[in-house]
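Trainee: This one is coords10.csv, CSV, C-alpha atoms (C1' of nucleotides).
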```csv
chain,number,residue,atom,x,y,z
W,1,MET,CA,-25.4,-44.9,51.7
W,2,TYR,CA,-24.8,-47.6,49.2
W,3,ILE,CA,-22.4,-50.4,48.8
W,4,GLN,CA,-19.7,-49.8,46.3
W,5,LEU,CA,-18.4,-53.2,45.4
W,6,LYS,CA,-14.7,-54.0,45.1
W,7,PHE,CA,-13.9,-53.9,41.5
W,8,PRO,CA,-15.4,-50.7,40.1
W,9,TYR,CA,-16.5,-51.3,36.5
W,10,LEU,CA,-16.0,-54.3,34.4
W,11,TYR,CA,-16.5,-57.0,36.9
W,12,PHE,CA,-15.1,-59.4,34.4
W,13,VAL,CA,-15.5,-62.9,35.7
W,14,LYS,CA,-14.5,-66.0,33.9
W,15,THR,CA,-17.1,-68.7,33.6
W,16,SER,CA,-15.0,-70.8,35.9
W,17,GLU,CA,-14.8,-68.1,38.5
W,18,SER,CA,-18.4,-67.2,38.5
W,19,LYS,CA,-20.2,-67.6,41.8
W,20,TYR,CA,-22.5,-70.0,39.9
W,21,CYS,CA,-19.9,-71.7,37.8
W,22,HIS,CA,-20.5,-74.9,39.6
W,23,CYS,CA,-24.0,-74.8,38.4
W,24,LEU,CA,-24.8,-76.8,35.3
W,25,TYR,CA,-27.5,-74.3,34.4
W,26,PHE,CA,-25.3,-71.3,33.9
W,27,THR,CA,-22.3,-73.2,32.6
W,28,ALA,CA,-24.3,-74.8,29.9
W,29,ASN,CA,-26.0,-71.6,28.9
W,30,ALA,CA,-22.9,-69.5,28.9
W,31,LEU,CA,-21.1,-72.1,26.8
W,32,ALA,CA,-24.0,-72.4,24.4
W,33,ARG,CA,-24.2,-68.6,24.0
W,34,LYS,CA,-20.5,-68.3,23.3
W,35,ILE,CA,-20.7,-71.0,20.7
W,36,GLU,CA,-23.8,-69.4,19.3
W,37,LYS,CA,-21.8,-66.2,18.8
W,38,LEU,CA,-18.9,-67.9,17.2
W,39,ALA,CA,-21.4,-69.7,14.8
W,40,GLN,CA,-23.3,-66.5,14.0
W,41,ASP,CA,-20.0,-64.9,13.2
W,42,SER,CA,-19.0,-67.8,10.9
W,43,TRP,CA,-22.3,-67.7,9.0
W,44,SER,CA,-22.5,-64.0,8.7
W,45,LYS,CA,-21.0,-64.3,5.2
W,46,VAL,CA,-24.2,-65.8,3.9
W,47,ASN,CA,-26.4,-63.6,6.0
W,48,LEU,CA,-28.1,-66.4,7.7
W,49,SER,CA,-28.3,-67.4,11.3
W,50,PRO,CA,-26.7,-70.9,12.0
W,51,SER,CA,-30.2,-72.5,12.4
W,52,HIS,CA,-31.4,-71.1,9.1
W,53,ALA,CA,-28.3,-72.2,7.4
W,54,TYR,CA,-28.4,-75.7,8.7
W,55,LEU,CA,-32.1,-76.0,7.7
W,56,LEU,CA,-31.2,-74.8,4.2
W,57,MET,CA,-28.4,-77.3,4.0
W,58,MET,CA,-30.7,-80.1,5.1
W,59,ALA,CA,-33.2,-79.1,2.5
W,60,ILE,CA,-30.5,-79.2,-0.2
W,61,GLU,CA,-29.2,-82.5,0.9
W,62,GLU,CA,-32.6,-84.0,1.1
W,63,PRO,CA,-35.0,-82.1,-1.1
W,64,GLY,CA,-38.6,-82.5,0.0
W,65,VAL,CA,-37.6,-83.0,3.6
W,66,GLN,CA,-40.5,-82.5,6.1
W,67,PRO,CA,-40.7,-80.2,9.0
W,68,SER,CA,-41.0,-83.0,11.5
W,69,MET,CA,-37.8,-84.5,10.2
W,70,LEU,CA,-36.1,-81.1,10.3
W,71,ALA,CA,-37.3,-80.7,13.9
W,72,SER,CA,-35.8,-83.9,15.1
W,73,HIS,CA,-32.5,-83.4,13.3
W,74,LEU,CA,-32.1,-79.8,14.3
W,75,GLN,CA,-33.4,-80.6,17.8
W,76,LEU,CA,-36.0,-77.8,17.6
W,77,GLN,CA,-39.7,-77.7,18.1
W,78,PRO,CA,-42.0,-78.0,15.0
W,79,SER,CA,-43.3,-74.5,15.6
W,80,THR,CA,-39.7,-73.2,15.5
W,81,ILE,CA,-39.1,-75.0,12.2
W,82,THR,CA,-42.2,-73.4,10.8
W,83,ARG,CA,-40.9,-70.0,11.6
W,84,LEU,CA,-37.4,-70.8,10.2
W,85,ILE,CA,-38.9,-72.0,7.0
W,86,GLU,CA,-41.1,-68.9,6.7
W,87,LYS,CA,-38.1,-66.7,6.8
W,88,LEU,CA,-36.2,-68.8,4.3
W,89,GLU,CA,-39.2,-68.7,2.1
W,90,ASP,CA,-39.3,-64.9,2.4
W,91,ALA,CA,-35.7,-64.8,1.3
W,92,LYS,CA,-36.6,-67.1,-1.6
W,93,LEU,CA,-34.2,-69.7,-0.6
W,94,VAL,CA,-36.7,-72.6,-0.1
W,95,ILE,CA,-40.2,-73.3,-1.2
W,96,ARG,CA,-42.9,-75.3,0.6
W,97,THR,CA,-45.5,-77.5,-0.9
W,98,THR,CA,-48.4,-78.9,1.0
W,99,GLU,CA,-50.1,-82.1,0.0
W,100,GLY,CA,-52.7,-83.3,2.5
W,101,LYS,CA,-51.3,-82.9,5.9
W,102,MET,CA,-47.7,-83.2,4.7
W,103,THR,CA,-45.4,-80.4,3.9
W,104,ASN,CA,-42.3,-80.7,1.8
W,105,VAL,CA,-39.4,-78.3,1.8
W,106,TYR,CA,-37.4,-77.8,-1.4
W,107,PRO,CA,-34.4,-75.5,-2.0
W,108,THR,CA,-34.8,-73.0,-4.7
W,109,PRO,CA,-32.0,-72.5,-7.3
W,110,LYS,CA,-31.0,-69.4,-5.3
W,111,GLY,CA,-30.9,-71.5,-2.2
W,112,LYS,CA,-28.8,-74.2,-3.9
W,113,GLU,CA,-26.4,-71.5,-5.1
W,114,LEU,CA,-25.5,-70.8,-1.5
W,115,LEU,CA,-24.3,-74.3,-0.8
W,116,PRO,CA,-20.6,-73.8,-1.5
W,117,LYS,CA,-20.5,-70.7,0.6
W,118,MET,CA,-22.3,-72.4,3.4
W,119,LYS,CA,-19.8,-75.2,3.3
W,120,GLU,CA,-17.1,-72.6,3.6
W,121,CYS,CA,-18.8,-71.2,6.6
W,122,LEU,CA,-19.2,-74.6,8.1
W,123,ASN,CA,-15.5,-75.3,7.6
W,124,GLU,CA,-14.6,-71.9,9.0
W,125,PHE,CA,-16.7,-72.5,12.1
W,126,TYR,CA,-15.1,-75.8,12.6
W,127,ALA,CA,-11.6,-74.5,12.0
W,128,ARG,CA,-12.2,-71.7,14.5
W,129,TYR,CA,-13.3,-73.8,17.4
W,130,VAL,CA,-10.7,-76.4,16.7
W,131,SER,CA,-8.0,-73.7,16.7
W,132,ILE,CA,-9.3,-72.5,20.1
W,133,LEU,CA,-9.9,-75.8,21.7
W,134,GLY,CA,-7.8,-78.3,19.9
W,135,LYS,CA,-9.1,-81.2,17.8
W,136,GLU,CA,-8.9,-83.7,20.7
W,137,GLU,CA,-10.7,-81.6,23.2
W,138,SER,CA,-13.4,-80.3,20.9
W,139,ASN,CA,-14.3,-83.8,19.7
W,140,LYS,CA,-14.4,-85.1,23.2
W,141,LEU,CA,-16.6,-82.2,24.2
W,142,VAL,CA,-19.1,-82.8,21.5
W,143,GLN,CA,-19.2,-86.4,22.3
W,144,SER,CA,-19.7,-86.1,25.9
W,145,MET,CA,-22.3,-83.3,25.5
W,146,SER,CA,-24.4,-85.3,23.1
W,147,LYS,CA,-24.2,-88.4,25.3
W,148,ILE,CA,-25.4,-86.4,28.2
W,149,ALA,CA,-28.1,-84.6,26.2
W,150,ASP,CA,-29.4,-88.1,25.3
W,151,LYS,CA,-29.5,-89.1,29.0
W,152,LEU,CA,-31.4,-85.9,29.8
W,153,VAL,CA,-34.4,-86.8,27.7
W,154,VAL,CA,-37.2,-85.9,30.1
Z,1,MET,CA,-46.0,-86.2,-6.0
Z,2,TYR,CA,-44.3,-85.8,-2.8
Z,3,ILE,CA,-41.6,-87.6,-0.9
Z,4,GLN,CA,-42.9,-89.5,2.1
Z,5,LEU,CA,-40.0,-90.1,4.3
Z,6,LYS,CA,-39.2,-93.4,6.0
Z,7,PHE,CA,-40.5,-93.1,9.5
Z,8,PRO,CA,-43.9,-91.6,9.4
Z,9,TYR,CA,-44.5,-89.3,12.4
Z,10,LEU,CA,-42.2,-88.9,15.3
Z,11,TYR,CA,-38.8,-88.9,13.8
Z,12,PHE,CA,-37.3,-89.2,17.2
Z,13,VAL,CA,-33.6,-88.7,16.9
Z,14,LYS,CA,-31.2,-88.8,19.8
Z,15,THR,CA,-28.8,-86.0,20.0
Z,16,SER,CA,-26.0,-88.4,19.3
Z,17,GLU,CA,-27.8,-89.7,16.2
Z,18,SER,CA,-28.7,-86.4,14.7
Z,19,LYS,CA,-27.3,-85.6,11.4
Z,20,TYR,CA,-25.7,-82.6,13.0
Z,21,CYS,CA,-24.8,-84.2,16.3
Z,22,HIS,CA,-21.1,-83.8,15.4
Z,23,CYS,CA,-21.6,-80.1,15.2
Z,24,LEU,CA,-20.8,-78.2,18.4
Z,25,TYR,CA,-23.5,-75.7,17.6
Z,26,PHE,CA,-26.5,-78.0,17.8
Z,27,THR,CA,-25.0,-80.1,20.5
Z,28,ALA,CA,-24.4,-77.2,22.8
Z,29,ASN,CA,-27.8,-75.7,22.2
Z,30,ALA,CA,-29.6,-79.0,22.6
Z,31,LEU,CA,-27.9,-79.7,25.8
Z,32,ALA,CA,-28.5,-76.2,27.1
Z,33,ARG,CA,-32.1,-76.4,26.3
Z,34,LYS,CA,-32.5,-79.7,28.0
Z,35,ILE,CA,-30.8,-78.4,31.1
Z,36,GLU,CA,-32.9,-75.3,30.9
Z,37,LYS,CA,-36.0,-77.4,31.0
Z,38,LEU,CA,-34.8,-79.4,33.9
Z,39,ALA,CA,-34.0,-76.2,35.7
Z,40,GLN,CA,-37.3,-74.5,34.9
Z,41,ASP,CA,-39.0,-77.6,36.2
Z,42,SER,CA,-37.0,-77.5,39.4
Z,43,TRP,CA,-37.8,-73.9,40.0
Z,44,SER,CA,-41.4,-73.9,39.2
Z,45,LYS,CA,-42.2,-74.3,42.8
Z,46,VAL,CA,-41.2,-70.8,43.5
Z,47,ASN,CA,-42.8,-69.6,40.2
Z,48,LEU,CA,-39.5,-68.1,39.0
Z,49,SER,CA,-37.4,-68.9,36.0
Z,50,PRO,CA,-33.9,-70.1,36.9
Z,51,SER,CA,-32.4,-66.8,36.0
Z,52,HIS,CA,-34.7,-64.8,38.1
Z,53,ALA,CA,-34.2,-67.2,41.0
Z,54,TYR,CA,-30.4,-67.0,40.8
Z,55,LEU,CA,-30.6,-63.2,40.6
Z,56,LEU,CA,-32.8,-63.1,43.7
Z,57,MET,CA,-30.5,-65.5,45.5
Z,58,MET,CA,-27.5,-63.3,44.7
Z,59,ALA,CA,-29.3,-60.2,45.9
Z,60,ILE,CA,-30.1,-62.0,49.2
Z,61,GLU,CA,-26.6,-63.2,49.6
Z,62,GLU,CA,-25.1,-59.8,48.8
Z,63,PRO,CA,-27.7,-57.1,49.5
Z,64,GLY,CA,-27.1,-54.0,47.4
Z,65,VAL,CA,-25.3,-55.9,44.6
Z,66,GLN,CA,-25.1,-53.9,41.4
Z,67,PRO,CA,-26.4,-54.9,38.0
Z,68,SER,CA,-22.9,-55.0,36.5
Z,69,MET,CA,-21.8,-57.5,39.2
Z,70,LEU,CA,-24.9,-59.5,38.5
Z,71,ALA,CA,-24.3,-59.5,34.8
Z,72,SER,CA,-20.8,-60.9,35.2
Z,73,HIS,CA,-21.7,-63.5,37.7
Z,74,LEU,CA,-24.8,-64.7,35.8
Z,75,GLN,CA,-22.9,-64.3,32.5
Z,76,LEU,CA,-25.7,-62.2,31.0
Z,77,GLN,CA,-25.7,-58.8,29.3
Z,78,PRO,CA,-26.5,-55.7,31.5
Z,79,SER,CA,-29.7,-55.1,29.6
Z,80,THR,CA,-30.8,-58.6,30.3
Z,81,ILE,CA,-30.1,-57.9,34.0
Z,82,THR,CA,-32.2,-54.8,33.9
Z,83,ARG,CA,-35.1,-56.7,32.5
Z,84,LEU,CA,-34.8,-59.5,35.1
Z,85,ILE,CA,-34.7,-57.0,37.9
Z,86,GLU,CA,-37.7,-55.2,36.5
Z,87,LYS,CA,-39.7,-58.4,36.7
Z,88,LEU,CA,-38.6,-59.2,40.2
Z,89,GLU,CA,-39.4,-55.6,41.2
Z,90,ASP,CA,-42.9,-56.1,39.8
Z,91,ALA,CA,-43.3,-59.2,41.9
Z,92,LYS,CA,-42.1,-57.2,44.9
Z,93,LEU,CA,-39.2,-59.5,45.5
Z,94,VAL,CA,-36.4,-56.9,45.1
Z,95,ILE,CA,-36.1,-53.2,45.2
Z,96,ARG,CA,-33.7,-51.0,43.4
Z,97,THR,CA,-32.2,-47.8,44.6
Z,98,THR,CA,-30.3,-45.4,42.4
Z,99,GLU,CA,-27.6,-43.1,43.7
Z,100,GLY,CA,-25.7,-41.2,41.1
Z,101,LYS,CA,-25.0,-43.6,38.3
Z,102,MET,CA,-25.0,-46.6,40.6
Z,103,THR,CA,-27.9,-48.9,41.2
Z,104,ASN,CA,-28.2,-51.3,44.1
Z,105,VAL,CA,-30.5,-54.2,44.3
Z,106,TYR,CA,-31.9,-55.3,47.6
Z,107,PRO,CA,-34.2,-58.2,48.4
Z,108,THR,CA,-37.5,-57.3,50.0
Z,109,PRO,CA,-38.8,-59.2,53.0
Z,110,LYS,CA,-41.0,-61.1,50.6
Z,111,GLY,CA,-38.0,-61.9,48.6
Z,112,LYS,CA,-36.0,-63.1,51.5
Z,113,GLU,CA,-38.8,-65.4,52.6
Z,114,LEU,CA,-38.3,-67.3,49.4
Z,115,LEU,CA,-34.8,-68.3,50.2
Z,116,PRO,CA,-35.4,-71.6,51.9
Z,117,LYS,CA,-37.7,-72.7,49.1
Z,118,MET,CA,-35.2,-71.6,46.5
Z,119,LYS,CA,-32.5,-73.6,48.2
Z,120,GLU,CA,-34.8,-76.6,48.1
Z,121,CYS,CA,-35.2,-76.0,44.3
Z,122,LEU,CA,-31.5,-75.7,43.9
Z,123,ASN,CA,-31.0,-78.9,45.8
Z,124,GLU,CA,-33.7,-80.7,43.8
Z,125,PHE,CA,-32.2,-79.5,40.6
Z,126,TYR,CA,-28.8,-80.7,41.6
Z,127,ALA,CA,-30.2,-84.0,42.8
Z,128,ARG,CA,-32.0,-84.5,39.6
Z,129,TYR,CA,-29.1,-84.1,37.3
Z,130,VAL,CA,-26.8,-86.0,39.5
Z,131,SER,CA,-29.3,-88.9,39.6
Z,132,ILE,CA,-29.4,-88.9,35.8
Z,133,LEU,CA,-25.7,-88.3,35.1
Z,134,GLY,CA,-23.9,-89.5,38.2
Z,135,LYS,CA,-21.9,-87.3,40.5
Z,136,GLU,CA,-18.6,-88.0,38.7
Z,137,GLU,CA,-19.8,-87.3,35.3
Z,138,SER,CA,-21.8,-84.2,36.1
Z,139,ASN,CA,-18.9,-82.6,37.9
Z,140,LYS,CA,-16.6,-83.4,35.1
Z,141,LEU,CA,-19.0,-82.0,32.6
Z,142,VAL,CA,-19.4,-78.7,34.4
Z,143,GLN,CA,-15.7,-78.4,34.8
Z,144,SER,CA,-14.9,-79.0,31.2
Z,145,MET,CA,-17.7,-76.8,30.0
Z,146,SER,CA,-16.6,-73.9,32.0
Z,147,LYS,CA,-13.0,-74.4,31.1
Z,148,ILE,CA,-14.0,-74.3,27.5
Z,149,ALA,CA,-16.3,-71.4,27.9
Z,150,ASP,CA,-13.4,-69.4,29.2
Z,151,LYS,CA,-11.3,-70.3,26.2
Z,152,LEU,CA,-14.0,-69.2,23.9
Z,153,VAL,CA,-14.0,-65.6,25.1
Z,154,VAL,CA,-14.0,-63.8,21.8
E,1,DC,C1',-69.8,-95.1,6.1
E,2,DC,C1',-69.6,-92.2,10.1
E,3,DT,C1',-67.2,-91.0,14.2
E,4,DT,C1',-63.3,-90.5,16.9
E,5,DT,C1',-58.6,-90.3,17.4
E,6,DT,C1',-54.2,-89.3,15.9
E,7,DC,C1',-51.0,-86.7,13.4
E,8,DA,C1',-48.5,-82.8,10.9
E,9,DT,C1',-48.3,-78.4,10.8
E,10,DC,C1',-49.4,-73.6,11.6
E,11,DT,C1',-50.8,-69.5,14.5
E,12,DG,C1',-51.2,-66.7,18.5
E,13,DT,C1',-48.7,-65.4,22.1
E,14,DA,C1',-45.0,-65.2,25.5
E,15,DT,C1',-40.2,-65.5,27.0
E,16,DA,C1',-35.4,-64.8,27.5
E,17,DT,C1',-31.9,-62.8,25.5
E,18,DA,C1',-29.2,-59.6,22.8
E,19,DC,C1',-27.5,-55.4,20.4
E,20,DA,C1',-27.4,-50.6,19.7
E,21,DA,C1',-28.5,-46.3,21.0
E,22,DG,C1',-29.7,-43.1,24.7
E,23,DT,C1',-29.0,-40.9,29.2
E,24,DA,C1',-26.9,-39.2,33.0
E,25,DA,C1',-23.2,-39.4,36.3
E,26,DA,C1',-18.3,-39.5,37.2
E,27,DC,C1',-13.8,-38.8,35.9
E,28,DA,C1',-9.8,-36.9,33.3
E,29,DA,C1',-7.3,-33.4,30.8
E,30,DT,C1',-6.3,-29.3,29.7
Q,1,DA,C1',-13.8,-24.5,35.3
Q,2,DT,C1',-14.9,-26.5,30.8
Q,3,DT,C1',-15.0,-30.0,27.9
Q,4,DG,C1',-14.5,-34.6,26.4
Q,5,DT,C1',-14.4,-39.4,27.7
Q,6,DT,C1',-15.6,-43.2,30.2
Q,7,DT,C1',-18.8,-45.7,33.0
Q,8,DA,C1',-23.4,-47.7,34.6
Q,9,DC,C1',-27.4,-48.4,33.5
Q,10,DT,C1',-31.8,-48.2,30.8
Q,11,DT,C1',-34.8,-48.2,26.6
Q,12,DG,C1',-36.1,-49.4,22.1
Q,13,DT,C1',-36.2,-52.9,19.2
Q,14,DA,C1',-35.2,-57.4,17.3
Q,15,DT,C1',-34.4,-62.5,17.5
Q,16,DA,C1',-34.8,-67.3,18.4
Q,17,DT,C1',-37.3,-70.1,20.7
Q,18,DA,C1',-41.1,-72.3,23.1
Q,19,DC,C1',-45.9,-73.7,24.6
Q,20,DA,C1',-50.7,-74.1,23.9
Q,21,DG,C1',-54.3,-74.2,21.1
Q,22,DA,C1',-56.2,-74.3,16.2
Q,23,DT,C1',-56.8,-76.6,11.8
Q,24,DG,C1',-57.3,-79.8,8.6
Q,25,DA,C1',-55.9,-84.4,6.9
Q,26,DA,C1',-55.4,-89.2,7.6
Q,27,DA,C1',-56.2,-93.4,10.1
Q,28,DA,C1',-58.7,-96.4,13.1
Q,29,DG,C1',-62.9,-98.3,15.2
Q,30,DG,C1',-67.3,-99.4,15.1
```
Turn this file's structure into structure tokens for me.

Mentor:
Amino acid sequence: MYIQLKFPYLYFVKTSESKYCHCLYFTANALARKIEKLAQDSWSKVNLSPSHAYLLMMAIEEPGVQPSMLASHLQLQPSTITRLIEKLEDAKLVIRTTEGKMTNVYPTPKGKELLPKMKECLNEFYARYVSILGKEESNKLVQSMSKIADKLVV
Amino acid sequence: MYIQLKFPYLYFVKTSESKYCHCLYFTANALARKIEKLAQDSWSKVNLSPSHAYLLMMAIEEPGVQPSMLASHLQLQPSTITRLIEKLEDAKLVIRTTEGKMTNVYPTPKGKELLPKMKECLNEFYARYVSILGKEESNKLVQSMSKIADKLVV
DNA sequence: CCTTTTCATCTGTATATACAAGTAAACAAT
DNA sequence: ATTGTTTACTTGTATATACAGATGAAAAGG
């Protein structure tokens, strides 16, 4: 004997109808994952994950930028930044120089070449979510989320 | 020669001041990670990650619940659910029975025993974020995030 | 100067999650 | 009945991320 639940197959549940939708935990994660997917999709043209792409863009904008700086701007742990840089280095898109305890990250020519395409991806990503959410609503969302993220510093 | 950036060490940047704060991608991820941390902290008393805890709670509320159901309510992929269940099974908190192609997940007595403590964790988690964000604002946030997550179904 | 502390980064390891492919059951179509 | 398709779940593998500890440089204290 086993319980066969009501809707055989594809229990598709909207986030807002999920049993745990009222819970900040799942809502925030579900939203982040969906946005992640949209972003991955938008950056697939340059064969980079969004994080790698943003890091590369920062290195282009600010050549010699340091991992600690990248960590705080990208809101990631230093160890994560190390790993991201390693991968970009393998792909010959950035180089790292170490002087004393400091490390500086510079884009390679090959990395710089990608900039226009990355900007396109950025625009496409923006356009896509604006077309889904509307300009108003997406701006409001970003603002309120970052305000709240600041408050949540633990 | 290397560039020494302005604020030696601890480039602490609020989410709202990050170079990429205007980007939905980083904002959503940063927020989700902070909430994740708060949740992990709240559930550390039962030695479970929030996802594991929620899965266990669902199995207690609805004994015999199926992985597909869990996947849609917890907004996770079926394979992820399999892995979560495996771990709970190792910890003897749930058991799985398979009949045909269906799988049912039941809490063990040891699992059920945890319910009161888990409810405490849930309450603590809720209380913590409400105390930081306010009741109004946190409700509004959850609502708008889940509404937007629904729209983003790709 | 020497010692201790702090700092910036890296390494080892672990986690949650995902995708894609695999498997086996159930269903459908002829 | 046989065969093909769909479904439900699992497995293999990969990824991004994190934490904790290691390392080596710099700064501070005496």

Trainee: For chain W, which residues have at least one atom within 12 Å of chain E, if we go by all atoms listed in the file? Write them as a ChimeraX atom specification, please.

Mentor: /W:8-9,29-30,33,36-37,66-69,71,77-83,85-86,96,98-104

Trainee: For a test of reading the model, state the distance in Å between CA of Ile95 in chain W and CA of Val65 in chain W, rounded to one decimal.

Mentor: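 These two atoms are separated by 11.1 Å.
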
Trainee: Specify as number ranges by chain all residues of chain Q found within 9 Å of chain W, counting only C-alpha atoms (C1' of nucleotides).

Mentor: Q: 7-8, 16-18, 24-26

Trainee: Go ahead and write the residues just picked, C-alpha atoms (C1' of nucleotides), as an mmCIF file, in the coordinates of the input.

Mentor:
```cif
data_model
loop_
_atom_site.group_PDB
_atom_site.id
_atom_site.type_symbol
_atom_site.label_atom_id
_atom_site.label_comp_id
_atom_site.auth_asym_id
_atom_site.auth_seq_id
_atom_site.Cartn_x
_atom_site.Cartn_y
_atom_site.Cartn_z
ATOM 1 C "C1'" DT Q 7 -18.800 -45.700 33.000
ATOM 2 C "C1'" DA Q 8 -23.400 -47.700 34.600
ATOM 3 C "C1'" DA Q 16 -34.800 -67.300 18.400
ATOM 4 C "C1'" DT Q 17 -37.300 -70.100 20.700
ATOM 5 C "C1'" DA Q 18 -41.100 -72.300 23.100
ATOM 6 C "C1'" DG Q 24 -57.300 -79.800 8.600
ATOM 7 C "C1'" DA Q 25 -55.900 -84.400 6.900
ATOM 8 C "C1'" DA Q 26 -55.400 -89.200 7.600
#
```

Trainee: Tell me which protein, DNA and RNA residues are within 10 Å of Met58 in chain W, counting all atoms listed in the file, leaving out same-chain ones fewer than 2 positions away, and put them as an mmCIF file with C-alpha atoms, in the frame of the given file.

Mentor:
```cif
data_model
loop_
_atom_site.group_PDB
_atom_site.id
_atom_site.type_symbol
_atom_site.label_atom_id
_atom_site.label_comp_id
_atom_site.auth_asym_id
_atom_site.auth_seq_id
_atom_site.Cartn_x
_atom_site.Cartn_y
_atom_site.Cartn_z
ATOM 1 C CA HIS W 52 -31.400 -71.100 9.100
ATOM 2 C CA ALA W 53 -28.300 -72.200 7.400
ATOM 3 C CA TYR W 54 -28.400 -75.700 8.700
ATOM 4 C CA LEU W 55 -32.100 -76.000 7.700
ATOM 5 C CA LEU W 56 -31.200 -74.800 4.200
ATOM 6 C CA ILE W 60 -30.500 -79.200 -0.200
ATOM 7 C CA GLU W 61 -29.200 -82.500 0.900
ATOM 8 C CA GLU W 62 -32.600 -84.000 1.100
ATOM 9 C CA PRO W 63 -35.000 -82.100 -1.100
ATOM 10 C CA GLY W 64 -38.600 -82.500 0.000
ATOM 11 C CA VAL W 65 -37.600 -83.000 3.600
ATOM 12 C CA MET W 69 -37.800 -84.500 10.200
ATOM 13 C CA LEU W 70 -36.100 -81.100 10.300
ATOM 14 C CA HIS W 73 -32.500 -83.400 13.300
ATOM 15 C CA LEU W 74 -32.100 -79.800 14.300
ATOM 16 C CA VAL W 105 -39.400 -78.300 1.800
ATOM 17 C CA TYR W 106 -37.400 -77.800 -1.400
ATOM 18 C CA PRO W 107 -34.400 -75.500 -2.000
ATOM 19 C CA LYS Z 19 -27.300 -85.600 11.400
ATOM 20 C CA TYR Z 20 -25.700 -82.600 13.000
#
```

Trainee: Considering all atoms listed in the file, return as a ChimeraX atom specification whatever protein or nucleic-acid residues lie within 8 Å of Ser144 in chain W, sequence-local ones (same chain, fewer than 4 positions apart) excluded.

Mentor: /W:140,148 /Z:141

Trainee: With only C-alpha atoms as the basis for distance, which of Z:Glu113, Z:Asp90, Z:Glu137, Z:Glu124 is at the shortest distance from chain W?

Mentor: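 Under the stated criterion, the closest residue is Z:Glu137.
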
Trainee: Find the residue from W:Lys135, W:Met57, W:Phe125, W:Leu48 that sits nearest to Cys23 in chain Z; use only C-alpha atoms when measuring.

Mentor: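 Smallest separation from Cys23 in chain Z among the options: W:Phe125.
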
Trainee: Could you please determine the separation between CA of Lys119 in chain W and CA of Leu24 in chain Z in Å, to one decimal place?

Mentor: 15.4 Å

Trainee: Here is a test: counting only C-alpha atoms, which residue of W:Gln40, W:Val94, W:Ala59, W:Gln75 is nearest to chain Z?

Mentor: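 Of W:Gln40, W:Val94, W:Ala59, W:Gln75, the one nearest chain Z is W:Gln75, counting only C-alpha atoms.
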
Trainee: In Å, with one decimal, what is the gap from CA of Leu93 in chain Z to CA of Leu115 in chain Z?

Mentor: 10.9 Å

Trainee: If I wrap all listed atoms of range 39-55 of chain Z in a box with edges along x, y and z and add 5 Å on each side, what are its centre and edge lengths in Å to one decimal, as AutoDock Vina command-line options?

Mentor:
```
--center_x -36.6 --center_y -70.4 --center_z 39.2 --size_x 22.4 --size_y 24.4 --size_z 18.6
```

Trainee: Just want the 9 Å neighbourhood of Lys92 in chain Z, counted on only C-alpha atoms (C1' of nucleotides), with same-chain residues fewer than 6 positions away dropped. Output as a PDB file with C-alpha atoms, keeping the file's coordinate frame.

Mentor:
```
ATOM      1  CA  PRO Z 107     -34.200 -58.200  48.400  1.00  0.00           C
ATOM      2  CA  THR Z 108     -37.500 -57.300  50.000  1.00  0.00           C
ATOM      3  CA  PRO Z 109     -38.800 -59.200  53.000  1.00  0.00           C
ATOM      4  CA  LYS Z 110     -41.000 -61.100  50.600  1.00  0.00           C
ATOM      5  CA  GLY Z 111     -38.000 -61.900  48.600  1.00  0.00           C
TER       6      GLY Z 111
END
```

Trainee: With distances taken over only C-alpha atoms, which residue among W:Asn47, W:Ser42, W:Ser146, W:Asn123 lies nearest chain Z?

Mentor: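 Once distances to chain Z are computed over only C-alpha atoms, the minimum belongs to W:Ser146.
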
Trainee: N, CA and C atoms are what I want for range 133-140 of chain Z; can you complete it accordingly and write them as a compact mmCIF listing (two decimals), keeping the file's coordinate frame?

Mentor:
```txt
# COMPACT_ATOMS: atom_id res chain seq x y z
N LEU Z 133 -27.06 -88.24 35.66
CA LEU Z 133 -25.70 -88.30 35.10
C LEU Z 133 -24.68 -88.96 35.97
N GLY Z 134 -24.98 -89.03 37.23
CA GLY Z 134 -23.90 -89.50 38.20
C GLY Z 134 -23.14 -88.31 38.65
N LYS Z 135 -22.61 -88.43 39.86
CA LYS Z 135 -21.90 -87.30 40.50
C LYS Z 135 -20.60 -87.01 39.71
N GLU Z 136 -19.87 -88.06 39.48
CA GLU Z 136 -18.60 -88.00 38.70
C GLU Z 136 -18.80 -87.21 37.42
N GLU Z 137 -19.66 -87.81 36.61
CA GLU Z 137 -19.80 -87.30 35.30
C GLU Z 137 -20.34 -85.88 35.23
N SER Z 138 -21.28 -85.57 36.12
CA SER Z 138 -21.80 -84.20 36.10
C SER Z 138 -20.78 -83.20 36.51
N ASN Z 139 -19.98 -83.55 37.50
CA ASN Z 139 -18.90 -82.60 37.90
C ASN Z 139 -17.92 -82.41 36.77
N LYS Z 140 -17.56 -83.52 36.15
CA LYS Z 140 -16.60 -83.40 35.10
C LYS Z 140 -17.13 -82.56 33.94
```
